[in-house]
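Below is my_file.txt, holding compact mmCIF, C-alpha atoms and all ligand atoms.
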```
# COMPACT_ATOMS: atom_id res chain seq x y z
CA MET F 213 0.00 0.00 0.00
CA ARG F 214 1.55 3.31 -1.07
CA LYS F 215 0.92 6.25 1.25
CA PRO F 216 -0.19 9.25 -0.86
CA VAL F 217 1.85 12.44 -0.85
CA ILE F 218 0.28 15.87 -1.27
CA ALA F 219 2.97 18.47 -1.92
CA GLY F 220 2.64 22.23 -2.42
CA ASN F 221 5.04 24.28 -4.51
CA TRP F 222 4.95 27.96 -3.61
CA LYS F 223 7.29 28.89 -6.49
CA MET F 224 8.57 32.50 -6.32
CA TYR F 225 5.64 33.71 -4.20
CA LYS F 226 5.52 34.88 -0.58
CA LEU F 227 7.95 36.89 1.51
CA VAL F 228 8.99 35.42 4.86
CA ALA F 229 6.07 36.89 6.83
CA GLU F 230 3.50 35.62 4.32
CA SER F 231 5.12 32.20 4.21
CA VAL F 232 5.07 31.90 7.98
CA ALA F 233 1.44 33.09 8.15
CA THR F 234 0.40 30.48 5.56
CA ALA F 235 2.29 27.72 7.37
CA ILE F 236 0.73 28.67 10.70
CA ALA F 237 -2.74 28.69 9.13
CA LEU F 238 -2.15 25.35 7.40
CA ARG F 239 -0.87 23.41 10.39
CA PRO F 240 -4.16 22.91 12.29
CA LEU F 241 -6.18 22.46 9.08
CA VAL F 242 -4.25 19.32 8.17
CA ALA F 243 -3.35 18.08 11.64
CA ASN F 244 -5.68 15.06 11.35
CA ALA F 245 -4.68 14.09 7.82
CA ASN F 246 -3.04 10.74 8.55
CA HIS F 247 -3.96 9.27 5.18
CA CYS F 248 -1.15 11.10 3.37
CA GLU F 249 2.24 12.72 3.72
CA ILE F 250 2.17 16.49 3.35
CA VAL F 251 5.07 18.58 2.07
CA ILE F 252 5.32 22.27 1.22
CA ALA F 253 8.06 23.94 -0.78
CA PRO F 254 8.44 27.64 0.13
CA PRO F 255 11.02 29.89 -1.54
CA PHE F 256 14.59 29.46 -0.25
CA THR F 257 14.41 32.63 1.81
CA SER F 258 11.43 31.36 3.81
CA LEU F 259 12.57 27.78 4.38
CA LYS F 260 14.10 28.18 7.82
CA ALA F 261 11.26 30.25 9.24
CA VAL F 262 8.62 27.88 7.85
CA ALA F 263 10.47 24.75 8.97
CA ASP F 264 10.77 26.18 12.49
CA ARG F 265 7.02 26.89 12.60
CA LEU F 266 6.18 23.39 11.36
CA GLU F 267 8.52 21.53 13.67
CA GLY F 268 6.73 18.58 15.30
CA SER F 269 3.86 18.77 12.82
CA ASN F 270 2.86 16.36 10.05
CA VAL F 271 3.92 18.85 7.35
CA GLY F 272 7.37 18.39 5.85
CA VAL F 273 9.34 21.12 4.10
CA ALA F 274 11.03 20.91 0.69
CA GLY F 275 13.43 23.04 -1.28
CA GLN F 276 12.23 23.90 -4.80
CA ASP F 277 15.65 23.12 -6.26
CA CYS F 278 19.23 22.44 -5.18
CA SER F 279 22.70 22.68 -6.60
CA THR F 280 24.22 20.00 -8.80
CA GLU F 281 27.26 20.36 -6.53
CA SER F 282 27.18 18.29 -3.38
CA LYS F 283 30.27 19.81 -1.80
CA HIS F 284 30.79 23.36 -0.58
CA GLY F 285 32.77 25.53 -2.95
CA ALA F 286 32.92 28.57 -5.17
CA HIS F 287 29.43 28.24 -6.69
CA THR F 288 27.93 31.71 -6.41
CA GLY F 289 24.17 31.74 -6.15
CA GLU F 290 23.83 28.01 -5.58
CA VAL F 291 22.14 26.35 -2.61
CA GLY F 292 23.53 22.96 -1.65
CA ALA F 293 21.37 20.00 -0.64
CA ASP F 294 23.11 19.92 2.76
CA MET F 295 22.08 23.57 3.25
CA LEU F 296 18.45 22.60 2.66
CA LYS F 297 18.81 19.77 5.16
CA ASP F 298 20.47 22.19 7.59
CA VAL F 299 17.43 24.52 7.63
CA GLY F 300 14.96 21.69 8.21
CA CYS F 301 14.05 20.33 4.77
CA SER F 302 13.20 16.67 4.32
CA HIS F 303 12.63 16.85 0.56
CA VAL F 304 13.71 18.74 -2.56
CA ILE F 305 11.94 19.22 -5.88
CA VAL F 306 14.22 18.47 -8.83
CA GLY F 307 13.68 19.02 -12.56
CA HIS F 308 10.53 21.14 -12.32
CA SER F 309 9.37 22.06 -15.82
CA GLU F 310 9.93 25.77 -15.09
CA ARG F 311 13.59 24.98 -14.36
CA ARG F 312 13.80 22.92 -17.54
CA GLN F 313 11.99 25.51 -19.70
CA TYR F 314 13.36 28.82 -18.42
CA TYR F 315 16.72 27.81 -16.98
CA PHE F 316 17.62 25.14 -19.53
CA GLU F 317 18.04 22.33 -17.06
CA SER F 318 18.78 18.99 -18.64
CA ASP F 319 18.13 15.46 -17.47
CA ALA F 320 21.83 15.21 -16.67
CA MET F 321 21.52 18.19 -14.30
CA ALA F 322 18.38 16.74 -12.72
CA ASN F 323 20.37 13.56 -12.22
CA GLN F 324 23.30 15.38 -10.56
CA LYS F 325 20.88 17.25 -8.29
CA THR F 326 19.12 14.01 -7.39
CA LEU F 327 22.42 12.35 -6.49
CA ALA F 328 23.50 15.39 -4.46
CA ALA F 329 20.18 15.41 -2.59
CA LEU F 330 20.34 11.70 -1.78
CA GLU F 331 23.94 12.02 -0.65
CA ASN F 332 22.81 14.67 1.81
CA GLY F 333 19.86 12.74 3.22
CA LEU F 334 16.98 14.40 1.36
CA SER F 335 14.12 12.68 -0.43
CA VAL F 336 13.63 13.82 -4.02
CA ILE F 337 10.49 14.80 -5.89
CA LEU F 338 11.65 14.34 -9.49
CA CYS F 339 9.39 16.17 -11.96
CA VAL F 340 8.82 14.85 -15.46
CA GLY F 341 6.29 15.67 -18.15
CA GLU F 342 5.83 16.42 -21.80
CA THR F 343 4.90 19.66 -23.59
CA LEU F 344 1.73 19.98 -25.66
CA ALA F 345 3.72 19.72 -28.90
CA GLN F 346 5.37 16.54 -27.68
CA ARG F 347 1.98 15.04 -26.74
CA GLU F 348 0.45 16.06 -30.05
CA GLY F 349 3.44 14.58 -31.85
CA ARG F 350 2.81 11.30 -29.99
CA ASN F 351 6.15 11.61 -28.22
CA ALA F 352 4.88 11.94 -24.66
CA GLU F 353 5.96 8.48 -23.55
CA SER F 354 9.43 8.65 -25.07
CA VAL F 355 10.00 12.10 -23.52
CA VAL F 356 8.85 10.96 -20.08
CA ARG F 357 10.87 7.74 -20.36
CA GLY F 358 13.99 9.81 -21.12
CA GLN F 359 13.35 12.11 -18.17
CA VAL F 360 12.77 9.22 -15.74
CA GLU F 361 15.75 7.19 -16.95
CA GLY F 362 17.99 10.25 -17.22
CA GLY F 363 17.00 11.66 -13.84
CA LEU F 364 17.54 8.36 -12.05
CA ARG F 365 20.79 7.34 -13.77
CA GLY F 366 23.16 5.60 -11.37
CA LEU F 367 20.64 5.27 -8.54
CA THR F 368 20.62 2.01 -6.63
CA SER F 369 17.55 0.10 -5.48
CA THR F 370 18.07 1.55 -2.01
CA ASP F 371 18.16 5.07 -3.44
CA LEU F 372 14.85 4.47 -5.21
CA ALA F 373 13.08 4.26 -1.86
CA ARG F 374 13.73 7.99 -1.42
CA ILE F 375 12.42 9.00 -4.84
CA ILE F 376 8.97 10.37 -5.56
CA ILE F 377 8.12 11.00 -9.22
CA ALA F 378 5.81 13.90 -10.11
CA TYR F 379 4.21 13.59 -13.52
CA GLU F 380 3.48 17.17 -14.53
CA PRO F 381 2.44 17.59 -18.15
CA VAL F 382 3.71 21.05 -19.10
CA TRP F 383 0.41 21.85 -20.84
CA ALA F 384 -1.41 21.42 -17.53
CA ILE F 385 0.82 23.56 -15.28
CA GLY F 386 -0.75 26.86 -14.34
CA THR F 387 -3.11 26.67 -17.32
CA GLY F 388 -6.31 25.42 -15.69
CA HIS F 389 -6.23 22.43 -18.09
CA THR F 390 -5.88 19.40 -15.83
CA ALA F 391 -5.10 16.03 -17.34
CA SER F 392 -8.14 13.81 -17.00
CA PRO F 393 -7.85 11.09 -14.37
CA GLU F 394 -7.57 8.61 -17.27
CA GLN F 395 -4.72 10.54 -18.96
CA ALA F 396 -2.89 10.73 -15.63
CA GLN F 397 -3.44 7.03 -14.92
CA GLU F 398 -2.14 6.06 -18.35
CA MET F 399 1.14 7.94 -17.91
CA HIS F 400 1.57 6.95 -14.26
CA ALA F 401 1.21 3.27 -15.19
CA PHE F 402 3.76 3.84 -17.98
CA ILE F 403 6.21 5.45 -15.51
CA ARG F 404 5.81 2.48 -13.20
CA ARG F 405 6.56 0.13 -16.13
CA VAL F 406 9.74 2.10 -16.89
CA LEU F 407 10.79 1.77 -13.24
CA ALA F 408 9.98 -1.95 -13.25
CA GLU F 409 12.18 -2.47 -16.34
CA ARG F 410 15.08 -0.64 -14.70
CA TYR F 411 14.67 -2.05 -11.18
CA SER F 412 11.97 -4.65 -10.42
CA ALA F 413 8.19 -4.81 -10.36
CA GLU F 414 8.30 -4.92 -6.58
CA LEU F 415 10.46 -1.81 -6.24
CA ALA F 416 8.47 0.05 -8.91
CA ASP F 417 5.29 -0.78 -7.06
CA ALA F 418 6.54 1.03 -3.95
CA VAL F 419 7.37 4.35 -5.68
CA ARG F 420 4.84 7.15 -5.26
CA VAL F 421 3.92 8.80 -8.57
CA LEU F 422 2.24 12.17 -8.06
CA TYR F 423 0.22 14.10 -10.58
CA GLY F 424 0.78 17.84 -11.03
CA GLY F 425 -0.92 20.39 -13.25
CA SER F 426 -3.83 22.60 -12.20
CA VAL F 427 -4.84 20.39 -9.28
CA LYS F 428 -7.69 22.02 -7.36
CA PRO F 429 -10.07 21.00 -4.55
CA ASP F 430 -12.68 20.01 -7.14
CA ASN F 431 -10.52 17.68 -9.22
CA ILE F 432 -8.25 15.99 -6.67
CA ALA F 433 -10.74 13.32 -5.58
CA GLY F 434 -11.27 12.15 -9.18
CA LEU F 435 -7.52 11.91 -9.77
CA MET F 436 -7.04 10.00 -6.52
CA THR F 437 -9.47 7.27 -7.57
CA LYS F 438 -6.89 6.06 -10.09
CA GLU F 439 -4.76 3.12 -9.11
CA ASP F 440 -1.39 4.61 -10.01
CA VAL F 441 -2.04 8.19 -8.87
CA ASP F 442 -0.39 8.43 -5.46
CA GLY F 443 -0.95 12.08 -4.69
CA ALA F 444 -0.36 15.50 -6.18
CA LEU F 445 2.19 18.26 -6.60
CA VAL F 446 0.15 21.44 -6.36
CA GLY F 447 1.29 24.89 -7.50
CA GLY F 448 -1.21 27.76 -7.55
CA ALA F 449 -3.77 26.09 -5.31
CA SER F 450 -1.18 25.50 -2.58
CA LEU F 451 -0.65 29.22 -1.94
CA ASP F 452 -3.80 29.56 0.13
CA ALA F 453 -3.83 27.46 3.32
CA GLU F 454 -7.55 26.68 3.21
CA THR F 455 -7.53 25.68 -0.45
CA PHE F 456 -4.46 23.51 0.00
CA ALA F 457 -5.99 21.92 3.12
CA GLN F 458 -9.09 21.04 1.08
CA ILE F 459 -6.84 19.25 -1.39
CA VAL F 460 -4.99 17.45 1.41
CA ASN F 461 -8.32 16.45 2.93
CA TYR F 462 -9.71 15.19 -0.41
CA ASN F 463 -11.07 12.11 1.35
CA ALA F 464 -13.04 14.00 4.03
C1 LIG U 501 3.56 23.11 -10.23
O1 LIG U 501 4.08 24.20 -10.14
O2 LIG U 501 4.23 22.10 -10.00
C2 LIG U 501 2.16 23.02 -10.64
C3 LIG U 501 1.65 21.85 -10.85
O3 LIG U 501 1.46 24.21 -10.77
P1 LIG U 501 -0.15 24.40 -10.89
O4 LIG U 501 -0.77 23.51 -9.84
O5 LIG U 501 -0.38 25.84 -10.62
O6 LIG U 501 -0.55 23.97 -12.26
```
Would you give me this structure, written as structure tokens?
Amino acid sequence: MRKPVIAGNWKMYKLVAESVATAIALRPLVANANHCEIVIAPPFTSLKAVADRLEGSNVGVAGQDCSTESKHGAHTGEVGADMLKDVGCSHVIVGHSERRQYYFESDAMANQKTLAALENGLSVILCVGETLAQREGRNAESVVRGQVEGGLRGLTSTDLARIIIAYEPVWAIGTGHTASPEQAQEMHAFIRRVLAERYSAELADAVRVLYGGSVKPDNIAGLMTKEDVDGALVGGASLDAETFAQIVNYNA
């Protein structure tokens, strides 16, 4: 039985005070949500303050990205995975489509970041997903296969236990166009087959595969009925504590 994960990505929104206020509001609203793991990813500048406010709660904290470098050094502007761990993060998002699209991140970089995160004791939410053109060109599966295989290159079976995959079709992120539960299920099952080929059916079966792309309180329950949908990575709808709590409490 896979425990669902509901994760919120606050992107480049919220100053420290707003982040803390949202975290404080969220905490009691999800305190009884034992059916899933909950993670929020504030901007770097708010991580420490939010992690402090959520200490002892059932809400984990994630970085939105980390450096490809796992050792300290002359890497201006970079934030190392150990620095995320140091301020209270348990997870890090790697390979988000906005990083791939606007900052030209490759699968090789996602792979280096994943390895750096694992080396420093973080769990990884590895984002994959095709663009509209790739879907229309019938290349969605080959693109997603490349991202999964590329992102996980060199990872052992033990490492896989700390990997969460987020399937986020680029055409669904921030657009209001959610994939249907059937479209999500189809790709999630495909991702699990790719993992089974690379590792084993048993190990693939234990990996949580989240859906991301315009998840809202009114579509989460439908997505969660699907066998291979193990939760959600939520952008816009995670910014408001009550809305995000409704998504977390999709089974209420
Ligand atoms: C995201 O940023 O990962 C995301 C899925 O955004 P949204 O929910 O706003 O589509």
Residues within 8 Å of range 331-338 of chain F, only C-alpha atoms, excluding chain neighbours under 2 positions, as a compact mmCIF listing (two decimals) with C-alpha atoms, keeping the file's coordinate frame:
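In the end it all went to selection-v3.txt:
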```
# COMPACT_ATOMS: atom_id res chain seq x y z
CA SER F 282 27.18 18.29 -3.38
CA ALA F 293 21.37 20.00 -0.64
CA ASP F 294 23.11 19.92 2.76
CA LYS F 297 18.81 19.77 5.16
CA CYS F 301 14.05 20.33 4.77
CA SER F 302 13.20 16.67 4.32
CA HIS F 303 12.63 16.85 0.56
CA VAL F 304 13.71 18.74 -2.56
CA ILE F 305 11.94 19.22 -5.88
CA VAL F 306 14.22 18.47 -8.83
CA GLY F 307 13.68 19.02 -12.56
CA HIS F 308 10.53 21.14 -12.32
CA ALA F 322 18.38 16.74 -12.72
CA THR F 326 19.12 14.01 -7.39
CA LEU F 327 22.42 12.35 -6.49
CA ALA F 328 23.50 15.39 -4.46
CA ALA F 329 20.18 15.41 -2.59
CA VAL F 340 8.82 14.85 -15.46
CA GLY F 363 17.00 11.66 -13.84
CA ARG F 374 13.73 7.99 -1.42
CA ILE F 375 12.42 9.00 -4.84
CA ILE F 376 8.97 10.37 -5.56
CA ILE F 377 8.12 11.00 -9.22
CA ALA F 378 5.81 13.90 -10.11
```
At most 9 Å is the cut-off: for each residue in chain F with any atom that close to an atom of ligand LIG 501 (chain U), write down the nearest atom pair and the distance in Å rounded to one decimal, counting all atoms listed in the file, chain first then increasing number, as JSON lines.
```
{"residue": "F:Ala219", "atom": "CA", "partner": "U:LIG501", "partner_atom": "O2", "distance": 8.9}
{"residue": "F:Gly220", "atom": "CA", "partner": "U:LIG501", "partner_atom": "O2", "distance": 7.7}
{"residue": "F:Asn221", "atom": "CA", "partner": "U:LIG501", "partner_atom": "O1", "distance": 5.7}
{"residue": "F:Trp222", "atom": "CA", "partner": "U:LIG501", "partner_atom": "O1", "distance": 7.6}
{"residue": "F:Lys223", "atom": "CA", "partner": "U:LIG501", "partner_atom": "O1", "distance": 6.8}
{"residue": "F:His308", "atom": "CA", "partner": "U:LIG501", "partner_atom": "O2", "distance": 6.8}
{"residue": "F:Ser309", "atom": "CA", "partner": "U:LIG501", "partner_atom": "O2", "distance": 7.8}
{"residue": "F:Glu310", "atom": "CA", "partner": "U:LIG501", "partner_atom": "O1", "distance": 7.8}
{"residue": "F:Cys339", "atom": "CA", "partner": "U:LIG501", "partner_atom": "O2", "distance": 8.1}
{"residue": "F:Ala378", "atom": "CA", "partner": "U:LIG501", "partner_atom": "O2", "distance": 8.4}
{"residue": "F:Glu380", "atom": "CA", "partner": "U:LIG501", "partner_atom": "C3", "distance": 6.2}
{"residue": "F:Pro381", "atom": "CA", "partner": "U:LIG501", "partner_atom": "C3", "distance": 8.5}
{"residue": "F:Val382", "atom": "CA", "partner": "U:LIG501", "partner_atom": "C3", "distance": 8.5}
{"residue": "F:Trp383", "atom": "CA", "partner": "U:LIG501", "partner_atom": "O6", "distance": 8.9}
{"residue": "F:Ala384", "atom": "CA", "partner": "U:LIG501", "partner_atom": "O6", "distance": 5.9}
{"residue": "F:Ile385", "atom": "CA", "partner": "U:LIG501", "partner_atom": "O6", "distance": 3.3}
{"residue": "F:Gly386", "atom": "CA", "partner": "U:LIG501", "partner_atom": "O6", "distance": 3.6}
{"residue": "F:Thr387", "atom": "CA", "partner": "U:LIG501", "partner_atom": "O6", "distance": 6.3}
{"residue": "F:Gly388", "atom": "CA", "partner": "U:LIG501", "partner_atom": "O6", "distance": 6.9}
{"residue": "F:His389", "atom": "CA", "partner": "U:LIG501", "partner_atom": "O6", "distance": 8.3}
{"residue": "F:Thr390", "atom": "CA", "partner": "U:LIG501", "partner_atom": "O6", "distance": 7.9}
{"residue": "F:Tyr423", "atom": "CA", "partner": "U:LIG501", "partner_atom": "C3", "distance": 7.9}
{"residue": "F:Gly424", "atom": "CA", "partner": "U:LIG501", "partner_atom": "C3", "distance": 4.1}
{"residue": "F:Gly425", "atom": "CA", "partner": "U:LIG501", "partner_atom": "O6", "distance": 3.7}
{"residue": "F:Ser426", "atom": "CA", "partner": "U:LIG501", "partner_atom": "O6", "distance": 3.6}
{"residue": "F:Val427", "atom": "CA", "partner": "U:LIG501", "partner_atom": "O4", "distance": 5.2}
{"residue": "F:Lys428", "atom": "CA", "partner": "U:LIG501", "partner_atom": "O4", "distance": 7.5}
{"residue": "F:Ala444", "atom": "CA", "partner": "U:LIG501", "partner_atom": "C3", "distance": 8.1}
{"residue": "F:Leu445", "atom": "CA", "partner": "U:LIG501", "partner_atom": "O2", "distance": 5.5}
{"residue": "F:Val446", "atom": "CA", "partner": "U:LIG501", "partner_atom": "O4", "distance": 4.2}
{"residue": "F:Gly447", "atom": "CA", "partner": "U:LIG501", "partner_atom": "O3", "distance": 3.3}
{"residue": "F:Gly448", "atom": "CA", "partner": "U:LIG501", "partner_atom": "O5", "distance": 3.7}
{"residue": "F:Ala449", "atom": "CA", "partner": "U:LIG501", "partner_atom": "O4", "distance": 6.0}
{"residue": "F:Ser450", "atom": "CA", "partner": "U:LIG501", "partner_atom": "O4", "distance": 7.5}
```
Residues as selected, C-alpha atoms, written as a PDB file, keeping the file's coordinate frame, can you do that?
```pdb
ATOM      1  CA  ALA F 219       2.970  18.470  -1.920  1.00  0.00           C
ATOM      2  CA  GLY F 220       2.640  22.230  -2.420  1.00  0.00           C
ATOM      3  CA  ASN F 221       5.040  24.280  -4.510  1.00  0.00           C
ATOM      4  CA  TRP F 222       4.950  27.960  -3.610  1.00  0.00           C
ATOM      5  CA  LYS F 223       7.290  28.890  -6.490  1.00  0.00           C
ATOM      6  CA  HIS F 308      10.530  21.140 -12.320  1.00  0.00           C
ATOM      7  CA  SER F 309       9.370  22.060 -15.820  1.00  0.00           C
ATOM      8  CA  GLU F 310       9.930  25.770 -15.090  1.00  0.00           C
ATOM      9  CA  CYS F 339       9.390  16.170 -11.960  1.00  0.00           C
ATOM     10  CA  ALA F 378       5.810  13.900 -10.110  1.00  0.00           C
ATOM     11  CA  GLU F 380       3.480  17.170 -14.530  1.00  0.00           C
ATOM     12  CA  PRO F 381       2.440  17.590 -18.150  1.00  0.00           C
ATOM     13  CA  VAL F 382       3.710  21.050 -19.100  1.00  0.00           C
ATOM     14  CA  TRP F 383       0.410  21.850 -20.840  1.00  0.00           C
ATOM     15  CA  ALA F 384      -1.410  21.420 -17.530  1.00  0.00           C
ATOM     16  CA  ILE F 385       0.820  23.560 -15.280  1.00  0.00           C
ATOM     17  CA  GLY F 386      -0.750  26.860 -14.340  1.00  0.00           C
ATOM     18  CA  THR F 387      -3.110  26.670 -17.320  1.00  0.00           C
ATOM     19  CA  GLY F 388      -6.310  25.420 -15.690  1.00  0.00           C
ATOM     20  CA  HIS F 389      -6.230  22.430 -18.090  1.00  0.00           C
ATOM     21  CA  THR F 390      -5.880  19.400 -15.830  1.00  0.00           C
ATOM     22  CA  TYR F 423       0.220  14.100 -10.580  1.00  0.00           C
ATOM     23  CA  GLY F 424       0.780  17.840 -11.030  1.00  0.00           C
ATOM     24  CA  GLY F 425      -0.920  20.390 -13.250  1.00  0.00           C
ATOM     25  CA  SER F 426      -3.830  22.600 -12.200  1.00  0.00           C
ATOM     26  CA  VAL F 427      -4.840  20.390  -9.280  1.00  0.00           C
ATOM     27  CA  LYS F 428      -7.690  22.020  -7.360  1.00  0.00           C
ATOM     28  CA  ALA F 444      -0.360  15.500  -6.180  1.00  0.00           C
ATOM     29  CA  LEU F 445       2.190  18.260  -6.600  1.00  0.00           C
ATOM     30  CA  VAL F 446       0.150  21.440  -6.360  1.00  0.00           C
ATOM     31  CA  GLY F 447       1.290  24.890  -7.500  1.00  0.00           C
ATOM     32  CA  GLY F 448      -1.210  27.760  -7.550  1.00  0.00           C
ATOM     33  CA  ALA F 449      -3.770  26.090  -5.310  1.00  0.00           C
ATOM     34  CA  SER F 450      -1.180  25.500  -2.580  1.00  0.00           C
TER      35      SER F 450
END
```
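Across F:Thr234, F:Thr280, F:Gln313, F:Thr370, the tightest approach to Val262 in chain F is made by F:Thr234 when counting all atoms listed in the file.
Across the structure, CA of Ser258 in chain F and CA of Val419 in chain F are spaced 28.9 Å apart.
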Query - For Met436 in chain F: contacts at 10 Å, all atoms listed in the file, fewer than 3 positions along chain excluded, given as a ChimeraX atom specification - result: /F:216,393,397,422-423,431-433,439-444,462-463
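CA of Lys226 in chain F is positioned 24.5 Å from CA of Phe316 in chain F.
For the residues F:Leu241, F:Val355, F:Ala391, F:Ala235, ranking by smallest atom-to-atom distance to Ile403 in chain F using all atoms listed in the file places F:Val355 first.
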**Report entry** Contacts of Arg405 in chain F at 12 Å (all atoms listed in the file; same-chain gap of 3+ positions) as a list in words
**Finding:** Glu353, Val356, Arg357, Val360, Glu361, Glu398, Met399, His400, Ala401, Phe402, Ala408, Glu409, Arg410, Tyr411, Ser412, Ala413, Glu414, Leu415, Ala416, Asp417, Val419, Val421 and Asp440 of chain F
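Between CA of Ala274 in chain F and CA of Ala253 in chain F there is a distance of 4.5 Å.
Using all atoms listed in the file for every distance, the candidate list F:Glu348, F:Glu249, F:Glu230, F:Asp298 yields F:Glu249 as the residue closest to Val460 in chain F.
Distances from F:Thr257, F:Gln359, F:Thr437, F:Gln458 to Tyr225 in chain F were compared using only C-alpha atoms, and the smallest one belongs to F:Thr257.
The neighbours of Ala352 in chain F here are the residues that come within 8 Å of it, using all atoms listed in the file and leaving out any residue fewer than 3 positions away in the same chain; they are F:Gly341, F:Glu342, F:Thr343, F:Gln346, F:Arg347, F:Gly349, F:Val355, F:Val356.
Shortest separation to Arg265 in chain F among F:Ala373, F:Leu344, F:Ile236, F:Ala286 occurs at residue F:Ile236, atoms counted being all atoms listed in the file.
Using only C-alpha atoms, the shortest contact distance between Leu372 in chain F and any of F:Lys438, F:Leu330, F:Ala320, F:Arg214 is found at F:Leu330.
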